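Let me begin by presenting the structure, written as structure tokens, before commenting on it.
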Amino acid sequence: MTITVLIADDQTMIRGGLRLILEDQPDIRVVGEAADGAEAVEAARRLRPDVCLVDIRMPRLDGIEVTRALAGPGVRDPLRVVVVTTFDLDEYVYGALRGGAAGFVLKDAGPALLVEAVRAAANGEALVSPSVTLRLLRHLTAGGAPGARTADVPLSERQLEVVRAVARGRTNQEIAAELFISLSTVKGHIAGVQSRLGFRNRIEIAAWAWENRIVDGG
């Protein structure tokens, strides 16, 4: 199966570089580009790509607004959006994730992580990389991120163990190995947590865990 991707970035060189990286993969095809946020929304709705790769800072509409328009809670048929940013702009990433983004990557993270994020989004998952997520979420919670939810929703002890692992950036396979449970059981727990807390992806689970001090840095 070929994964179709729309690239939205206001810098021509960045778009070209991302296109080269993605189209070097046999299972990924770039179907469009956009130079600003409004163009990105229009192109995404017209082309219906599997994944929209969106820069956080763009003219007319920024990446947060684009994400909300394409993947927000009120969108009837949401698209999968992966936000591209730099670490010093992580406060914008928080808004994008709350707006429904399926993942985020840093511009200097390297080709492998970019490709992994696109594939994860296309598979209905969200990229949670320890090298990115831990620093980002710690920074957000240390700064008192807005809209933090209270940890008053009851979860089982096993669900909390899975939540802590997700918040530390573990993959499903790593969680299964650490907790000595099957991969399908991990997926079931994550689905249960998402349903119980009203979240759409594992990044929201991780953010919730850090906001509410469910997890430490271990």
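By order of appearance in the structure tokens: chains A, B, ..., then residues from 1 within every chain, and ligands from 1 in the order shown.
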
Run DSSP on the backbone and tell me which residues of stretch 1-204 of chain A come out as alpha helix (DSSP H); list them as a VMD selection string. chain A and resid 12 to 23 37 to 47 63 to 71 90 to 98 111 to 122 130 to 142 157 to 167 172 to 179 183 to 197 202 to 204

inquiry  = I'd like the contact shell of A:Val81 - 8 Å cut-off, only C-alpha atoms, skipping same-chain residues fewer than 4 positions apart - returned as number ranges by chain.
reply    = A: 51-54, 67, 70-71, 100-103, 121

* Write out as JSON, numbers by chain the residues lying within 12 Å of A:Ala177, counting only C-alpha atoms and excluding same-chain residues fewer than 5 positions away. => {"A": [162, 165, 170, 171, 172, 182, 183, 185, 186]}

Practice item. Give me the residues within 9 Å of A:Ala34 as a list in words, counting only C-alpha atoms and dropping any in the same chain fewer than 4 places off. Key: Leu6, Ile7, Ala8, Asp9, Asp10, Arg15, Ala38, Glu39, Ala40, Val41 and Ala43 of chain A

Practice item. For A:Ile181, list every protein, DNA or RNA residue within 12 Å, evaluated using only C-alpha atoms, and leave out those in the same chain fewer than 5 positions away; present the list as number ranges by chain. Key: A: 158, 161-162, 172-176, 186-189

Put those residues in a file: N, CA and C atoms, as an mmCIF file, in the first residue's frame.
```
data_model
loop_
_atom_site.group_PDB
_atom_site.id
_atom_site.type_symbol
_atom_site.label_atom_id
_atom_site.label_comp_id
_atom_site.auth_asym_id
_atom_site.auth_seq_id
_atom_site.Cartn_x
_atom_site.Cartn_y
_atom_site.Cartn_z
ATOM 1 N N ARG A 158 -3.100 -1.705 35.896
ATOM 2 C CA ARG A 158 -2.450 -2.119 34.648
ATOM 3 C C ARG A 158 -2.543 -1.023 33.603
ATOM 4 N N GLU A 161 0.017 1.516 34.377
ATOM 5 C CA GLU A 161 1.347 1.063 33.979
ATOM 6 C C GLU A 161 1.581 1.304 32.491
ATOM 7 N N VAL A 162 0.555 1.025 31.706
ATOM 8 C CA VAL A 162 0.656 1.251 30.262
ATOM 9 C C VAL A 162 0.751 2.744 29.972
ATOM 10 N N ASN A 172 4.665 0.040 21.453
ATOM 11 C CA ASN A 172 3.804 -1.047 21.922
ATOM 12 C C ASN A 172 4.602 -2.310 22.203
ATOM 13 N N GLN A 173 5.556 -2.616 21.340
ATOM 14 C CA GLN A 173 6.368 -3.817 21.542
ATOM 15 C C GLN A 173 7.217 -3.704 22.800
ATOM 16 N N GLU A 174 7.763 -2.523 23.053
ATOM 17 C CA GLU A 174 8.565 -2.319 24.264
ATOM 18 C C GLU A 174 7.703 -2.430 25.513
ATOM 19 N N ILE A 175 6.488 -1.903 25.451
ATOM 20 C CA ILE A 175 5.574 -2.005 26.601
ATOM 21 C C ILE A 175 5.225 -3.468 26.869
ATOM 22 N N ALA A 176 4.960 -4.206 25.805
ATOM 23 C CA ALA A 176 4.634 -5.624 25.964
ATOM 24 C C ALA A 176 5.775 -6.371 26.643
ATOM 25 N N VAL A 186 -1.571 -4.945 24.972
ATOM 26 C CA VAL A 186 -1.135 -3.549 25.061
ATOM 27 C C VAL A 186 -2.062 -2.655 24.254
ATOM 28 N N LYS A 187 -2.328 -3.064 23.011
ATOM 29 C CA LYS A 187 -3.214 -2.273 22.154
ATOM 30 C C LYS A 187 -4.604 -2.131 22.770
ATOM 31 N N GLY A 188 -5.071 -3.220 23.403
ATOM 32 C CA GLY A 188 -6.381 -3.170 24.045
ATOM 33 C C GLY A 188 -6.411 -2.196 25.201
ATOM 34 N N HIS A 189 -5.336 -2.186 26.016
ATOM 35 C CA HIS A 189 -5.264 -1.252 27.137
ATOM 36 C C HIS A 189 -5.220 0.189 26.646
#
```

note - atom CA of A:Thr85 and atom CA of A:Pro49 are separated by 20.4 Å

- [ ] Could you tell me, as number ranges by chain, which residues of stretch 24-63 of chain A DSSP assigns to strand (DSSP E) when given the backbone?
- [x] A: 28-34, 51-55

**OP:** Please provide the set of residues having any atom within 12 Å of A:Arg57, restricted to only C-alpha atoms, with same-chain residues fewer than 3 positions apart removed, written as a ChimeraX atom specification.
**Re:** /A:8-11,35-37,54,60-67,83-86,89-90,92-93,96

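With atom CA of A:Gly110 on one side and atom CA of A:Ile28 on the other, the separation reads 16.6 Å.
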
Would you compute the distance between atom CA of A:Gly72 and atom CA of A:Ile190? Give it in Å to one decimal.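 Those two atoms sit 20.5 Å apart.
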
Residue with the minimum atom-to-atom distance to A:Ala112, picked from A:Ser184, A:Ser195, A:Gln25, A:Thr2 with only C-alpha atoms counted, is A:Gln25

Contacts of A:Val163 within 12 Å, only C-alpha atoms, excl. fewer than 4 positions in-chain, as number ranges by chain: A: 155-159, 167-172, 175, 179, 186-187, 189-194, 197, 201-210, 212-216
